[in-house]
Amino acid sequence: MKYLPLIALALSLFSCFEKGDCTDISSNKMKVNFYKFSDKKSKKILIDSIIIEGWEDSVMYKNEVDSITTVLLPLDPAVKEMTYYLYYQNKIATLDIDYISHTFPLAPECKVIDLLTLTDAAATVVQELTISQHELTSNETENIKLYF
């Protein structure tokens, strides 16, 4: 009789996990936005290409016409750091990202997800870099600000 409240609580908790609770908010793409260093306003840059160190066929972005203010860069959950080379206006900027991956199940009957969290970042050629949002989510929130 004294375990009845515990059993009722356990049943109510398990009943909360329905198919609708399998919402996956994780992402393996970080959003990088470009800004002017002088006034911190959005800046358009003509990116020639972006190469990811260690990936075969890693020219993930090829552009010769349009200037852009943002780019989505993939992260590999199997490693803890990645380096990107941004080729633009006869310059090469490097972006080094360190991150951790936390794997956990959402609920019974749901798949396991990896949540990636940025821990550190460094860049060359860029005047300033800030991590604006450490956690990567599927809503494409800005993660990195690069000031040129």
# chains A, B, ... in the order shown; residues from 1 in each chain; ligands from 1
call {"tool": "select_by_dssp", "arguments": {"residues": "region 14-123 of chain A", "states": "strand (DSSP E or B)", "output": "ChimeraX atom specification"}}
result
/A:26,29-35,42,45,47-52,59-62,68,70-74,81-88,91-105,112-123
call {"tool": "closest_residue", "arguments": {"among": "A:Asp76, A:Glu53, A:Glu128, A:Asp24", "to": "Tyr147 (chain A)", "atoms": "only C-alpha atoms"}}
result
A:Glu128
call {"tool": "select_by_dssp", "arguments": {"residues": "chain A", "states": "alpha helix (DSSP H)", "output": "list in words"}}
result
Leu4, Pro5, Leu6, Ile7, Ala8, Leu9, Ala10, Leu11, Ser12, Leu13, Phe14, Ser15 and Cys16 of chain A
call {"tool": "residues_around", "arguments": {"residues": "Thr141 (chain A)", "least_positions_apart": "3", "cutoff": "10 Å", "atoms": "only C-alpha atoms", "output": "JSON, numbers by chain"}}
result
{"A": [30, 31, 32, 132, 133, 134, 135, 136, 137, 138, 144]}
call {"tool": "closest_residue", "arguments": {"among": "A:Ala123, A:Ile25, A:Leu75, A:Val112", "to": "Ile52 (chain A)", "atoms": "only C-alpha atoms"}}
result
A:Leu75
call {"tool": "atom_distance", "arguments": {"atom1": "CA of Ala122 (chain A)", "atom2": "CA of Tyr84 (chain A)"}}
result
10.7 Å
call {"tool": "closest_residue", "arguments": {"among": "A:Leu73, A:Leu146, A:Ser67, A:Tyr85", "to": "Ile45 (chain A)", "atoms": "only C-alpha atoms"}}
result
A:Ser67
call {"tool": "residues_around", "arguments": {"residues": "Ile92 (chain A)", "least_positions_apart": "2", "cutoff": "10 Å", "atoms": "only C-alpha atoms", "output": "MDAnalysis selection string"}}
result
chainID A and resid 47:50 84:90 94:95 124:126
call {"tool": "write_last_selection", "arguments": {"atoms": "C-alpha atoms", "output": "mmCIF file, in the first residue's frame"}}
result
data_model
loop_
_atom_site.group_PDB
_atom_site.id
_atom_site.type_symbol
_atom_site.label_atom_id
_atom_site.label_comp_id
_atom_site.auth_asym_id
_atom_site.auth_seq_id
_atom_site.Cartn_x
_atom_site.Cartn_y
_atom_site.Cartn_z
ATOM 1 C CA ILE A 47 33.059 33.699 -50.875
ATOM 2 C CA ASP A 48 34.861 31.764 -53.610
ATOM 3 C CA SER A 49 34.742 28.451 -51.739
ATOM 4 C CA ILE A 50 34.883 26.835 -48.315
ATOM 5 C CA TYR A 84 37.384 25.378 -42.298
ATOM 6 C CA TYR A 85 39.160 27.446 -44.953
ATOM 7 C CA LEU A 86 37.124 30.345 -46.316
ATOM 8 C CA TYR A 87 38.452 31.576 -49.654
ATOM 9 C CA TYR A 88 37.274 35.096 -50.431
ATOM 10 C CA GLN A 89 38.557 38.197 -52.252
ATOM 11 C CA ASN A 90 42.060 36.703 -52.771
ATOM 12 C CA THR A 94 40.689 29.807 -41.254
ATOM 13 C CA LEU A 95 38.055 28.924 -38.699
ATOM 14 C CA THR A 124 42.858 33.846 -38.692
ATOM 15 C CA VAL A 125 42.555 36.901 -40.947
ATOM 16 C CA VAL A 126 39.284 37.708 -39.184
#
call {"tool": "residues_around", "arguments": {"residues": "Pro105 (chain A)", "least_positions_apart": "4", "cutoff": "12 Å", "atoms": "only C-alpha atoms", "output": "number ranges by chain"}}
result
A: 17, 21-24, 26, 109-115
call {"tool": "write_last_selection", "arguments": {"atoms": "N, CA and C atoms", "output": "mmCIF file, in the first residue's frame"}}
result
data_model
loop_
_atom_site.group_PDB
_atom_site.id
_atom_site.type_symbol
_atom_site.label_atom_id
_atom_site.label_comp_id
_atom_site.auth_asym_id
_atom_site.auth_seq_id
_atom_site.Cartn_x
_atom_site.Cartn_y
_atom_site.Cartn_z
ATOM 1 N N PHE A 17 5.281 10.030 -22.331
ATOM 2 C CA PHE A 17 6.097 9.830 -23.508
ATOM 3 C C PHE A 17 5.272 9.223 -24.626
ATOM 4 N N ASP A 21 6.341 13.270 -28.482
ATOM 5 C CA ASP A 21 7.467 13.720 -27.687
ATOM 6 C C ASP A 21 8.806 13.380 -28.327
ATOM 7 N N CYS A 22 8.817 12.905 -29.551
ATOM 8 C CA CYS A 22 10.052 12.534 -30.236
ATOM 9 C C CYS A 22 10.601 13.685 -31.084
ATOM 10 N N THR A 23 10.312 14.895 -30.717
ATOM 11 C CA THR A 23 10.767 16.050 -31.470
ATOM 12 C C THR A 23 12.285 16.164 -31.386
ATOM 13 N N ASP A 24 12.920 16.167 -32.525
ATOM 14 C CA ASP A 24 14.377 16.240 -32.604
ATOM 15 C C ASP A 24 14.786 17.668 -32.941
ATOM 16 N N SER A 26 17.962 18.671 -32.623
ATOM 17 C CA SER A 26 19.410 18.666 -32.825
ATOM 18 C C SER A 26 19.770 19.014 -34.270
ATOM 19 N N GLU A 109 10.669 4.650 -27.326
ATOM 20 C CA GLU A 109 10.187 4.583 -28.707
ATOM 21 C C GLU A 109 10.727 5.702 -29.583
ATOM 22 N N CYS A 110 11.608 6.553 -29.063
ATOM 23 C CA CYS A 110 12.218 7.615 -29.858
ATOM 24 C C CYS A 110 13.658 7.221 -30.179
ATOM 25 N N LYS A 111 14.175 7.811 -31.233
ATOM 26 C CA LYS A 111 15.568 7.545 -31.564
ATOM 27 C C LYS A 111 16.481 8.351 -30.639
ATOM 28 N N VAL A 112 17.752 8.002 -30.647
ATOM 29 C CA VAL A 112 18.759 8.709 -29.872
ATOM 30 C C VAL A 112 19.228 9.907 -30.691
ATOM 31 N N ILE A 113 19.486 11.040 -30.019
ATOM 32 C CA ILE A 113 19.962 12.222 -30.735
ATOM 33 C C ILE A 113 21.316 12.666 -30.184
ATOM 34 N N ASP A 114 22.075 13.362 -31.029
ATOM 35 C CA ASP A 114 23.344 13.966 -30.631
ATOM 36 C C ASP A 114 23.143 15.468 -30.569
ATOM 37 N N LEU A 115 23.399 16.052 -29.410
ATOM 38 C CA LEU A 115 23.376 17.503 -29.279
ATOM 39 C C LEU A 115 24.810 18.001 -29.269
#
call {"tool": "closest_residue", "arguments": {"among": "A:Lys80, A:Lys29, A:Lys43, A:Lys36", "to": "Asp120 (chain A)", "atoms": "only C-alpha atoms"}}
result
A:Lys80
call {"tool": "atom_distance", "arguments": {"atom1": "CA of Asp39 (chain A)", "atom2": "CA of Leu129 (chain A)"}}
result
14.3 Å
call {"tool": "decode", "arguments": {"residues": "region 23-44 of chain A", "atoms": "N, CA and C atoms", "output": "PDB file, in the first residue's frame"}}
result
ATOM      1  N   THR A  23      10.312  14.895 -30.717  1.00  0.00           N
ATOM      2  CA  THR A  23      10.767  16.050 -31.470  1.00  0.00           C
ATOM      3  C   THR A  23      12.285  16.164 -31.386  1.00  0.00           C
ATOM      4  N   ASP A  24      12.920  16.167 -32.525  1.00  0.00           N
ATOM      5  CA  ASP A  24      14.377  16.240 -32.604  1.00  0.00           C
ATOM      6  C   ASP A  24      14.786  17.668 -32.941  1.00  0.00           C
ATOM      7  N   ILE A  25      15.369  18.364 -31.987  1.00  0.00           N
ATOM      8  CA  ILE A  25      15.809  19.739 -32.216  1.00  0.00           C
ATOM      9  C   ILE A  25      17.298  19.819 -32.526  1.00  0.00           C
ATOM     10  N   SER A  26      17.962  18.671 -32.623  1.00  0.00           N
ATOM     11  CA  SER A  26      19.410  18.666 -32.825  1.00  0.00           C
ATOM     12  C   SER A  26      19.770  19.014 -34.270  1.00  0.00           C
ATOM     13  N   SER A  27      21.017  19.436 -34.440  1.00  0.00           N
ATOM     14  CA  SER A  27      21.530  19.759 -35.765  1.00  0.00           C
ATOM     15  C   SER A  27      23.030  19.527 -35.772  1.00  0.00           C
ATOM     16  N   ASN A  28      23.587  19.295 -36.930  1.00  0.00           N
ATOM     17  CA  ASN A  28      25.037  19.205 -37.052  1.00  0.00           C
ATOM     18  C   ASN A  28      25.571  20.351 -37.909  1.00  0.00           C
ATOM     19  N   LYS A  29      24.772  21.393 -38.075  1.00  0.00           N
ATOM     20  CA  LYS A  29      25.186  22.554 -38.866  1.00  0.00           C
ATOM     21  C   LYS A  29      25.193  23.794 -37.993  1.00  0.00           C
ATOM     22  N   MET A  30      26.306  24.517 -38.053  1.00  0.00           N
ATOM     23  CA  MET A  30      26.376  25.780 -37.317  1.00  0.00           C
ATOM     24  C   MET A  30      26.230  26.930 -38.305  1.00  0.00           C
ATOM     25  N   LYS A  31      25.540  27.945 -37.845  1.00  0.00           N
ATOM     26  CA  LYS A  31      25.300  29.113 -38.680  1.00  0.00           C
ATOM     27  C   LYS A  31      26.339  30.177 -38.346  1.00  0.00           C
ATOM     28  N   VAL A  32      27.074  30.591 -39.381  1.00  0.00           N
ATOM     29  CA  VAL A  32      28.115  31.598 -39.236  1.00  0.00           C
ATOM     30  C   VAL A  32      27.672  32.844 -39.999  1.00  0.00           C
ATOM     31  N   ASN A  33      27.634  33.967 -39.299  1.00  0.00           N
ATOM     32  CA  ASN A  33      27.259  35.238 -39.927  1.00  0.00           C
ATOM     33  C   ASN A  33      28.468  36.156 -40.012  1.00  0.00           C
ATOM     34  N   PHE A  34      28.489  36.989 -41.048  1.00  0.00           N
ATOM     35  CA  PHE A  34      29.597  37.908 -41.287  1.00  0.00           C
ATOM     36  C   PHE A  34      29.185  39.330 -40.905  1.00  0.00           C
ATOM     37  N   TYR A  35      30.117  40.050 -40.271  1.00  0.00           N
ATOM     38  CA  TYR A  35      29.866  41.423 -39.824  1.00  0.00           C
ATOM     39  C   TYR A  35      31.069  42.307 -40.131  1.00  0.00           C
ATOM     40  N   LYS A  36      30.806  43.615 -40.239  1.00  0.00           N
ATOM     41  CA  LYS A  36      31.879  44.603 -40.349  1.00  0.00           C
ATOM     42  C   LYS A  36      32.442  44.823 -38.954  1.00  0.00           C
ATOM     43  N   PHE A  37      33.753  44.847 -38.851  1.00  0.00           N
ATOM     44  CA  PHE A  37      34.379  45.072 -37.557  1.00  0.00           C
ATOM     45  C   PHE A  37      34.142  46.507 -37.077  1.00  0.00           C
ATOM     46  N   SER A  38      34.137  47.450 -37.997  1.00  0.00           N
ATOM     47  CA  SER A  38      34.044  48.866 -37.638  1.00  0.00           C
ATOM     48  C   SER A  38      32.725  49.242 -36.971  1.00  0.00           C
ATOM     49  N   ASP A  39      31.604  48.767 -37.509  1.00  0.00           N
ATOM     50  CA  ASP A  39      30.308  49.187 -36.958  1.00  0.00           C
ATOM     51  C   ASP A  39      29.419  48.024 -36.504  1.00  0.00           C
ATOM     52  N   LYS A  40      29.946  46.791 -36.576  1.00  0.00           N
ATOM     53  CA  LYS A  40      29.234  45.583 -36.115  1.00  0.00           C
ATOM     54  C   LYS A  40      27.937  45.310 -36.882  1.00  0.00           C
ATOM     55  N   LYS A  41      27.808  45.865 -38.084  1.00  0.00           N
ATOM     56  CA  LYS A  41      26.634  45.611 -38.923  1.00  0.00           C
ATOM     57  C   LYS A  41      26.926  44.462 -39.874  1.00  0.00           C
ATOM     58  N   SER A  42      25.886  43.852 -40.373  1.00  0.00           N
ATOM     59  CA  SER A  42      25.994  42.727 -41.295  1.00  0.00           C
ATOM     60  C   SER A  42      26.843  43.105 -42.513  1.00  0.00           C
ATOM     61  N   LYS A  43      27.661  42.151 -42.961  1.00  0.00           N
ATOM     62  CA  LYS A  43      28.556  42.407 -44.094  1.00  0.00           C
ATOM     63  C   LYS A  43      28.392  41.312 -45.133  1.00  0.00           C
ATOM     64  N   LYS A  44      28.302  41.719 -46.394  1.00  0.00           N
ATOM     65  CA  LYS A  44      28.258  40.769 -47.504  1.00  0.00           C
ATOM     66  C   LYS A  44      29.678  40.490 -47.971  1.00  0.00           C
TER      67      LYS A  44
END
